[in-house]
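Q: I'd like to ask some things about the structure below.
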Amino acid sequence: MRTGHPTMARRRSCHALLALTGLAGAFALASCRSVVDSGITYRDCDRNKVGEGFDVGSTIEALSEKCWEIANDDDNVFVDDGDLILRMKDRSAEPQRWGFGTQGPMIFQHFEGNFVMAARLEVLEKQYGSLCLPPDNEVGLVVRQTVPELAWTTVLISPFDVDDPCESTGEPEFPIQARVRRSAETDWGPEALERGPDDTGIAFREGETDVAVCRFEGTVTYYYRDPATTVDEPTWLPIGEPVETGANPVDVGPTASGGQELEVEGHFTWVGYSDRDVGDGCTGQLQLLTLPVLE
């Protein structure tokens with residue numbers, strides 16, 4: 001369990017952004033654009049039952065050696081204090097969100113067939129580390145197809161029932177929801193909203209949630225871990241209905257999406273993934289992953 005105010009301390013350390021401009025330019029796509037760079041290349045990597053803990057000392061350079069790629073970045077993706085962090089830049093010439101032909105910052109793995117990816121993440125207001133977030137400031141996972149046409153679907157978490165006005169100097173307790181969204185120009189399924197049993201939220205701890213996405217035989221399903229279950233014996237509950245996306249290659253990974261006010265920051269403490277082909281669908285895919293012990 002946490003003691004004191006580690007979230008706020010972590011936020012203060014995050015103001016010193018890593019100088020990644022040169023690195024990001026080497027392998028990232030341009031910021032938040034609807035036309036994807038066709039010149040991007042993918043390397044062969046072992047994606048069978050991988051777990052990334054982003055321990056102290058981990059760097060973007062080290063992640064790139066493991067086939068992680070960054071897209072739509074405006075110096076918004078970095079590693080600090082044992083977390084992979086995605087945040088909204090204070091001022092940007094273009095939107096930093098998923099929707100209406102634009103994309104948010106993302107860091108991803110490339111998958112050709114069946115896959116599963118799970119993440120332990122925390123959604124925060126970036127200045128004070130609280131949950132006082134305006135609407136449509138969210139973090140989560142994205143599945144993005146770039147050929148034969150651009151199409152994407154996301155699962156994004158955010159607080160709900162936020163006070164208005166909201167006091168941003170502490171750590172108010174608001175429940176967490178998950179929303180599935182899709183690119184409007186595709187038929188990748190309907191949107192869905194999940195607020196847990198009796199609208200009590202889906203977080204196992206304030207602002208922190210385990211979510212997952214799985215594709216099996218052309219169908220994508222999103223999940224959250226029932227916070228009443230342990231990491232040793234997790235129960236993964238679906239969010240919305242399965243989405244038919246087909247079997248085209250996709251980019252999958254952590255992402256963030258800002259609304260009119262760019263206030264959100266996502267902390268990913270762990271991401272696990274596998275492209276191993278198992279015969280019992282997403283249930284078997286999820287069992288391939290070993291969730292980290294709660295701190």
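Chains: A, B, ... in order of the structure tokens. Residues: from 1 per chain. Ligands: from 1, in order shown.
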Give me the residues near region 239-243 of chain A as a ChimeraX atom specification, where near means some atom within 6 Å (using only C-alpha atoms) and where sequence neighbours in that chain fewer than 4 positions away do not count.
A: /A:188-189,192,219-223
Q: Go ahead and save the residues from that selection, with C-alpha atoms, as a compact mmCIF listing (two decimals), in the first residue's frame.
A:
# COMPACT_ATOMS: atom_id res chain seq x y z
CA TRP A 188 -15.53 -1.56 -35.58
CA GLY A 189 -18.43 -2.04 -33.22
CA ALA A 192 -19.50 0.90 -24.48
CA THR A 219 -12.50 -10.39 -32.86
CA VAL A 220 -11.27 -7.91 -30.25
CA THR A 221 -12.57 -7.95 -26.67
CA TYR A 222 -11.69 -5.53 -23.87
CA TYR A 223 -11.58 -6.51 -20.18
Q: Compile the contact shell of region 146-155 of chain A as a ChimeraX atom specification: residues with an atom at most 10 Å away, counting only C-alpha atoms, same-chain residues fewer than 4 positions apart removed.
A: /A:34-38,98-99,101,103,138-142,178-193,211-213,220-224,239,243,245,248-257
Q: Go ahead and compute the interatomic distance for CA of Pro238 (chain A) and CA of Gly272 (chain A), in Å to one decimal.
A: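 Calculated distance between CA of Pro238 (chain A) and CA of Gly272 (chain A) is 17.8 Å.
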Q: List the spatial neighbours of Asp136 (chain A) as a compact mmCIF listing (two decimals) with N, CA and C atoms, in the first residue's frame - criterion: any atom at most 7 Å away, only C-alpha atoms, same-chain residues fewer than 2 positions off excluded.
A:
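Generated file (part-v4.txt):
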# COMPACT_ATOMS: atom_id res chain seq x y z
N PRO A 134 -11.13 17.14 -16.13
CA PRO A 134 -12.27 17.54 -16.95
C PRO A 134 -12.69 16.41 -17.87
N GLU A 138 -8.46 10.97 -20.68
CA GLU A 138 -8.49 9.53 -20.43
C GLU A 138 -7.16 8.88 -20.80
N GLY A 258 -6.77 13.56 -24.73
CA GLY A 258 -7.17 14.76 -24.02
C GLY A 258 -8.40 15.40 -24.63
N GLY A 259 -9.18 16.07 -23.81
CA GLY A 259 -10.35 16.79 -24.29
C GLY A 259 -9.98 18.22 -24.65
Q: Quick one: residues within 7 Å of Phe78 (chain A), only C-alpha atoms counted, chain neighbours fewer than 5 positions away excluded, as a ChimeraX atom specification?
A: /A:18,60,84-86
Q: Include N, CA and C atoms and write out the residues we just selected as a PDB file, in the first residue's frame.
A:
ATOM      1  N   LEU A  18      12.250  14.065 -19.649  1.00  0.00           N
ATOM      2  CA  LEU A  18      13.470  13.606 -20.285  1.00  0.00           C
ATOM      3  C   LEU A  18      13.609  14.240 -21.652  1.00  0.00           C
ATOM      4  N   ILE A  60      13.414   4.749 -22.568  1.00  0.00           N
ATOM      5  CA  ILE A  60      12.767   4.608 -23.864  1.00  0.00           C
ATOM      6  C   ILE A  60      13.694   3.893 -24.838  1.00  0.00           C
ATOM      7  N   LEU A  84       5.987   3.978 -16.921  1.00  0.00           N
ATOM      8  CA  LEU A  84       5.836   4.515 -18.269  1.00  0.00           C
ATOM      9  C   LEU A  84       4.749   5.573 -18.189  1.00  0.00           C
ATOM     10  N   ILE A  85       5.056   6.789 -18.646  1.00  0.00           N
ATOM     11  CA  ILE A  85       4.141   7.913 -18.468  1.00  0.00           C
ATOM     12  C   ILE A  85       3.739   8.477 -19.826  1.00  0.00           C
ATOM     13  N   LEU A  86       2.448   8.671 -20.003  1.00  0.00           N
ATOM     14  CA  LEU A  86       1.897   9.367 -21.160  1.00  0.00           C
ATOM     15  C   LEU A  86       1.125  10.564 -20.639  1.00  0.00           C
TER      16      LEU A  86
END
Q: Please provide as a VMD selection string all residues within 10 Å of Glu263 (chain A), with the sequence filter that same-chain residues fewer than 2 positions apart are discarded (counting only C-alpha atoms).
A: chain A and resid 87 to 90 124 to 127 132 to 138 257 to 261 265
Q: Any chance you could export the current selection's N, CA and C atoms as a PDB file, in the first residue's frame?
A:
ATOM      1  N   ARG A  87       1.405  11.725 -21.210  1.00  0.00           N
ATOM      2  CA  ARG A  87       0.773  12.934 -20.707  1.00  0.00           C
ATOM      3  C   ARG A  87       0.378  13.840 -21.858  1.00  0.00           C
ATOM      4  N   MET A  88      -0.421  14.842 -21.555  1.00  0.00           N
ATOM      5  CA  MET A  88      -0.821  15.838 -22.525  1.00  0.00           C
ATOM      6  C   MET A  88       0.110  17.037 -22.427  1.00  0.00           C
ATOM      7  N   LYS A  89       0.579  17.513 -23.563  1.00  0.00           N
ATOM      8  CA  LYS A  89       1.390  18.724 -23.589  1.00  0.00           C
ATOM      9  C   LYS A  89       0.487  19.925 -23.331  1.00  0.00           C
ATOM     10  N   ASP A  90       1.001  20.907 -22.590  1.00  0.00           N
ATOM     11  CA  ASP A  90       0.181  22.065 -22.221  1.00  0.00           C
ATOM     12  C   ASP A  90      -0.345  22.804 -23.438  1.00  0.00           C
ATOM     13  N   LEU A 124      -4.463  10.325 -13.801  1.00  0.00           N
ATOM     14  CA  LEU A 124      -4.214  11.440 -12.893  1.00  0.00           C
ATOM     15  C   LEU A 124      -4.391  12.775 -13.606  1.00  0.00           C
ATOM     16  N   GLU A 125      -4.697  13.788 -12.830  1.00  0.00           N
ATOM     17  CA  GLU A 125      -4.587  15.163 -13.285  1.00  0.00           C
ATOM     18  C   GLU A 125      -3.126  15.548 -13.124  1.00  0.00           C
ATOM     19  N   LYS A 126      -2.510  16.040 -14.206  1.00  0.00           N
ATOM     20  CA  LYS A 126      -1.055  16.083 -14.282  1.00  0.00           C
ATOM     21  C   LYS A 126      -0.404  17.103 -13.360  1.00  0.00           C
ATOM     22  N   GLN A 127      -1.103  18.172 -12.978  1.00  0.00           N
ATOM     23  CA  GLN A 127      -0.455  19.206 -12.184  1.00  0.00           C
ATOM     24  C   GLN A 127      -0.325  18.819 -10.719  1.00  0.00           C
ATOM     25  N   CYS A 132      -9.042  15.216 -10.210  1.00  0.00           N
ATOM     26  CA  CYS A 132      -9.866  16.334 -10.673  1.00  0.00           C
ATOM     27  C   CYS A 132      -9.636  16.547 -12.166  1.00  0.00           C
ATOM     28  N   LEU A 133     -10.247  15.726 -12.961  1.00  0.00           N
ATOM     29  CA  LEU A 133     -10.035  15.774 -14.412  1.00  0.00           C
ATOM     30  C   LEU A 133     -11.293  16.254 -15.130  1.00  0.00           C
ATOM     31  N   PRO A 134     -11.131  17.136 -16.128  1.00  0.00           N
ATOM     32  CA  PRO A 134     -12.272  17.540 -16.947  1.00  0.00           C
ATOM     33  C   PRO A 134     -12.686  16.407 -17.873  1.00  0.00           C
ATOM     34  N   PRO A 135     -13.844  16.518 -18.514  1.00  0.00           N
ATOM     35  CA  PRO A 135     -14.336  15.438 -19.379  1.00  0.00           C
ATOM     36  C   PRO A 135     -13.370  15.103 -20.507  1.00  0.00           C
ATOM     37  N   ASP A 136     -13.410  13.841 -20.912  1.00  0.00           N
ATOM     38  CA  ASP A 136     -12.658  13.343 -22.073  1.00  0.00           C
ATOM     39  C   ASP A 136     -11.150  13.395 -21.891  1.00  0.00           C
ATOM     40  N   ASN A 137     -10.675  13.422 -20.667  1.00  0.00           N
ATOM     41  CA  ASN A 137      -9.254  13.251 -20.382  1.00  0.00           C
ATOM     42  C   ASN A 137      -9.075  11.831 -19.862  1.00  0.00           C
ATOM     43  N   GLU A 138      -8.456  10.969 -20.682  1.00  0.00           N
ATOM     44  CA  GLU A 138      -8.493   9.534 -20.426  1.00  0.00           C
ATOM     45  C   GLU A 138      -7.160   8.883 -20.797  1.00  0.00           C
ATOM     46  N   SER A 257      -5.586  10.358 -24.163  1.00  0.00           N
ATOM     47  CA  SER A 257      -6.472  11.156 -25.009  1.00  0.00           C
ATOM     48  C   SER A 257      -6.969  12.343 -24.197  1.00  0.00           C
ATOM     49  N   GLY A 258      -6.770  13.556 -24.729  1.00  0.00           N
ATOM     50  CA  GLY A 258      -7.170  14.762 -24.016  1.00  0.00           C
ATOM     51  C   GLY A 258      -8.401  15.403 -24.628  1.00  0.00           C
ATOM     52  N   GLY A 259      -9.184  16.066 -23.807  1.00  0.00           N
ATOM     53  CA  GLY A 259     -10.348  16.792 -24.287  1.00  0.00           C
ATOM     54  C   GLY A 259      -9.983  18.223 -24.645  1.00  0.00           C
ATOM     55  N   GLN A 260     -10.930  19.127 -24.459  1.00  0.00           N
ATOM     56  CA  GLN A 260     -10.643  20.529 -24.744  1.00  0.00           C
ATOM     57  C   GLN A 260      -9.571  21.066 -23.796  1.00  0.00           C
ATOM     58  N   GLU A 261      -9.562  20.568 -22.569  1.00  0.00           N
ATOM     59  CA  GLU A 261      -8.523  20.911 -21.603  1.00  0.00           C
ATOM     60  C   GLU A 261      -7.569  19.727 -21.497  1.00  0.00           C
ATOM     61  N   GLU A 265      -2.753  12.692 -17.291  1.00  0.00           N
ATOM     62  CA  GLU A 265      -1.482  11.982 -17.316  1.00  0.00           C
ATOM     63  C   GLU A 265      -1.751  10.538 -16.903  1.00  0.00           C
TER      64      GLU A 265
END
Q: Which one is closest to Tyr128 (chain A): A:Val264, A:Cys67, A:Asp73, A:Pro175? Count only C-alpha atoms.
A: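 Closest residue, counting only C-alpha atoms: A:Val264.
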Q: Quote the spacing between CA of Gly201 (chain A) and CA of Gly53 (chain A) in Å to one decimal place.
A: 25.0 Å
Q: Here is a test: counting only C-alpha atoms, which residue of A:Asp75, A:Asp232, A:Asp55, A:Asp226 is nearest to Leu291 (chain A)?
A: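 Looking at the shortest contact to Leu291 (chain A), the residue is A:Asp232.
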Q: Among region 104-159 of chain A, which residues does DSSP mark as strand (DSSP E or B) when it is run on the backbone? Keep the chain and numbering as in the structure and answer as a PDB file with N, CA and C atoms, in the first residue's frame.
A:
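After the write, result-v3.pdb holds the following:
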ATOM      1  N   MET A 106       0.890   7.441 -28.306  1.00  0.00           N
ATOM      2  CA  MET A 106       0.812   6.010 -28.012  1.00  0.00           C
ATOM      3  C   MET A 106       2.192   5.386 -28.098  1.00  0.00           C
ATOM      4  N   ILE A 107       2.389   4.307 -27.365  1.00  0.00           N
ATOM      5  CA  ILE A 107       3.574   3.474 -27.470  1.00  0.00           C
ATOM      6  C   ILE A 107       3.067   2.056 -27.657  1.00  0.00           C
ATOM      7  N   PHE A 108       3.617   1.331 -28.635  1.00  0.00           N
ATOM      8  CA  PHE A 108       2.918   0.121 -29.065  1.00  0.00           C
ATOM      9  C   PHE A 108       3.857  -0.986 -29.503  1.00  0.00           C
ATOM     10  N   GLN A 109       3.271  -2.192 -29.539  1.00  0.00           N
ATOM     11  CA  GLN A 109       3.838  -3.365 -30.179  1.00  0.00           C
ATOM     12  C   GLN A 109       3.002  -3.678 -31.415  1.00  0.00           C
ATOM     13  N   HIS A 110       3.629  -4.312 -32.394  1.00  0.00           N
ATOM     14  CA  HIS A 110       2.955  -4.647 -33.637  1.00  0.00           C
ATOM     15  C   HIS A 110       2.616  -6.136 -33.630  1.00  0.00           C
ATOM     16  N   PHE A 111       1.349  -6.455 -33.909  1.00  0.00           N
ATOM     17  CA  PHE A 111       0.895  -7.838 -33.905  1.00  0.00           C
ATOM     18  C   PHE A 111       0.295  -8.202 -35.260  1.00  0.00           C
ATOM     19  N   PHE A 115      -3.489 -11.940 -30.264  1.00  0.00           N
ATOM     20  CA  PHE A 115      -2.629 -11.335 -29.248  1.00  0.00           C
ATOM     21  C   PHE A 115      -3.448 -11.074 -27.996  1.00  0.00           C
ATOM     22  N   VAL A 116      -2.743 -10.824 -26.898  1.00  0.00           N
ATOM     23  CA  VAL A 116      -3.338 -10.300 -25.683  1.00  0.00           C
ATOM     24  C   VAL A 116      -2.374  -9.272 -25.111  1.00  0.00           C
ATOM     25  N   MET A 117      -2.909  -8.184 -24.566  1.00  0.00           N
ATOM     26  CA  MET A 117      -2.108  -7.190 -23.852  1.00  0.00           C
ATOM     27  C   MET A 117      -2.903  -6.722 -22.646  1.00  0.00           C
ATOM     28  N   ALA A 118      -2.237  -6.668 -21.482  1.00  0.00           N
ATOM     29  CA  ALA A 118      -2.854  -6.164 -20.257  1.00  0.00           C
ATOM     30  C   ALA A 118      -1.966  -5.079 -19.677  1.00  0.00           C
ATOM     31  N   ALA A 119      -2.570  -4.191 -18.911  1.00  0.00           N
ATOM     32  CA  ALA A 119      -1.808  -3.085 -18.324  1.00  0.00           C
ATOM     33  C   ALA A 119      -2.345  -2.768 -16.947  1.00  0.00           C
ATOM     34  N   ARG A 120      -1.424  -2.395 -16.061  1.00  0.00           N
ATOM     35  CA  ARG A 120      -1.787  -1.787 -14.781  1.00  0.00           C
ATOM     36  C   ARG A 120      -1.519  -0.305 -14.916  1.00  0.00           C
ATOM     37  N   LEU A 121      -2.548   0.509 -14.747  1.00  0.00           N
ATOM     38  CA  LEU A 121      -2.407   1.923 -15.037  1.00  0.00           C
ATOM     39  C   LEU A 121      -3.159   2.770 -14.033  1.00  0.00           C
ATOM     40  N   GLU A 122      -2.755   4.014 -13.979  1.00  0.00           N
ATOM     41  CA  GLU A 122      -3.356   4.991 -13.085  1.00  0.00           C
ATOM     42  C   GLU A 122      -3.619   6.258 -13.881  1.00  0.00           C
ATOM     43  N   VAL A 123      -4.815   6.821 -13.714  1.00  0.00           N
ATOM     44  CA  VAL A 123      -5.172   8.054 -14.398  1.00  0.00           C
ATOM     45  C   VAL A 123      -5.097   9.196 -13.392  1.00  0.00           C
ATOM     46  N   LEU A 124      -4.463  10.325 -13.801  1.00  0.00           N
ATOM     47  CA  LEU A 124      -4.214  11.440 -12.893  1.00  0.00           C
ATOM     48  C   LEU A 124      -4.391  12.775 -13.606  1.00  0.00           C
ATOM     49  N   GLU A 125      -4.697  13.788 -12.830  1.00  0.00           N
ATOM     50  CA  GLU A 125      -4.587  15.163 -13.285  1.00  0.00           C
ATOM     51  C   GLU A 125      -3.126  15.548 -13.124  1.00  0.00           C
ATOM     52  N   GLU A 138      -8.456  10.969 -20.682  1.00  0.00           N
ATOM     53  CA  GLU A 138      -8.493   9.534 -20.426  1.00  0.00           C
ATOM     54  C   GLU A 138      -7.160   8.883 -20.797  1.00  0.00           C
ATOM     55  N   VAL A 139      -6.906   7.711 -20.236  1.00  0.00           N
ATOM     56  CA  VAL A 139      -5.746   6.910 -20.606  1.00  0.00           C
ATOM     57  C   VAL A 139      -6.175   5.449 -20.684  1.00  0.00           C
ATOM     58  N   GLY A 140      -5.444   4.665 -21.493  1.00  0.00           N
ATOM     59  CA  GLY A 140      -5.806   3.264 -21.623  1.00  0.00           C
ATOM     60  C   GLY A 140      -4.997   2.564 -22.695  1.00  0.00           C
ATOM     61  N   LEU A 141      -5.668   1.695 -23.443  1.00  0.00           N
ATOM     62  CA  LEU A 141      -5.040   0.914 -24.497  1.00  0.00           C
ATOM     63  C   LEU A 141      -5.741   1.179 -25.822  1.00  0.00           C
ATOM     64  N   VAL A 142      -4.977   1.116 -26.906  1.00  0.00           N
ATOM     65  CA  VAL A 142      -5.511   1.327 -28.241  1.00  0.00           C
ATOM     66  C   VAL A 142      -5.104   0.178 -29.147  1.00  0.00           C
ATOM     67  N   VAL A 143      -5.998  -0.170 -30.067  1.00  0.00           N
ATOM     68  CA  VAL A 143      -5.714  -1.099 -31.161  1.00  0.00           C
ATOM     69  C   VAL A 143      -5.877  -0.300 -32.446  1.00  0.00           C
ATOM     70  N   ARG A 144      -4.793  -0.179 -33.219  1.00  0.00           N
ATOM     71  CA  ARG A 144      -4.811   0.673 -34.411  1.00  0.00           C
ATOM     72  C   ARG A 144      -4.371  -0.119 -35.637  1.00  0.00           C
ATOM     73  N   GLN A 145      -5.238  -0.130 -36.641  1.00  0.00           N
ATOM     74  CA  GLN A 145      -4.907  -0.709 -37.942  1.00  0.00           C
ATOM     75  C   GLN A 145      -4.516   0.414 -38.892  1.00  0.00           C
ATOM     76  N   ALA A 151      -7.978   2.548 -39.043  1.00  0.00           N
ATOM     77  CA  ALA A 151      -9.108   2.248 -38.167  1.00  0.00           C
ATOM     78  C   ALA A 151      -8.557   1.952 -36.784  1.00  0.00           C
ATOM     79  N   TRP A 152      -9.304   2.303 -35.746  1.00  0.00           N
ATOM     80  CA  TRP A 152      -8.812   2.080 -34.392  1.00  0.00           C
ATOM     81  C   TRP A 152      -9.977   1.873 -33.434  1.00  0.00           C
ATOM     82  N   THR A 153      -9.651   1.268 -32.309  1.00  0.00           N
ATOM     83  CA  THR A 153     -10.594   1.141 -31.212  1.00  0.00           C
ATOM     84  C   THR A 153      -9.803   1.259 -29.907  1.00  0.00           C
ATOM     85  N   THR A 154     -10.385   1.879 -28.900  1.00  0.00           N
ATOM     86  CA  THR A 154      -9.676   2.141 -27.648  1.00  0.00           C
ATOM     87  C   THR A 154     -10.509   1.689 -26.450  1.00  0.00           C
ATOM     88  N   VAL A 155      -9.832   1.400 -25.345  1.00  0.00           N
ATOM     89  CA  VAL A 155     -10.473   1.318 -24.036  1.00  0.00           C
ATOM     90  C   VAL A 155      -9.748   2.318 -23.145  1.00  0.00           C
ATOM     91  N   LEU A 156     -10.479   3.304 -22.631  1.00  0.00           N
ATOM     92  CA  LEU A 156      -9.880   4.426 -21.923  1.00  0.00           C
ATOM     93  C   LEU A 156     -10.558   4.580 -20.571  1.00  0.00           C
ATOM     94  N   ILE A 157      -9.741   4.780 -19.518  1.00  0.00           N
ATOM     95  CA  ILE A 157     -10.305   4.944 -18.189  1.00  0.00           C
ATOM     96  C   ILE A 157     -10.258   6.407 -17.769  1.00  0.00           C
ATOM     97  N   SER A 158     -11.189   6.787 -16.885  1.00  0.00           N
ATOM     98  CA  SER A 158     -11.267   8.155 -16.384  1.00  0.00           C
ATOM     99  C   SER A 158     -12.131   8.148 -15.129  1.00  0.00           C
ATOM    100  N   PRO A 159     -12.004   9.170 -14.271  1.00  0.00           N
ATOM    101  CA  PRO A 159     -12.895   9.267 -13.118  1.00  0.00           C
ATOM    102  C   PRO A 159     -14.277   9.748 -13.533  1.00  0.00           C
TER     103      PRO A 159
END
Q: Which residue gives the smallest distance to Ala228 (chain A) among A:His267, A:Arg215, A:Arg276, A:Arg205, with only C-alpha atoms counted?
A: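 Using only C-alpha atoms, Ala228 (chain A) sits closest to A:Arg205.
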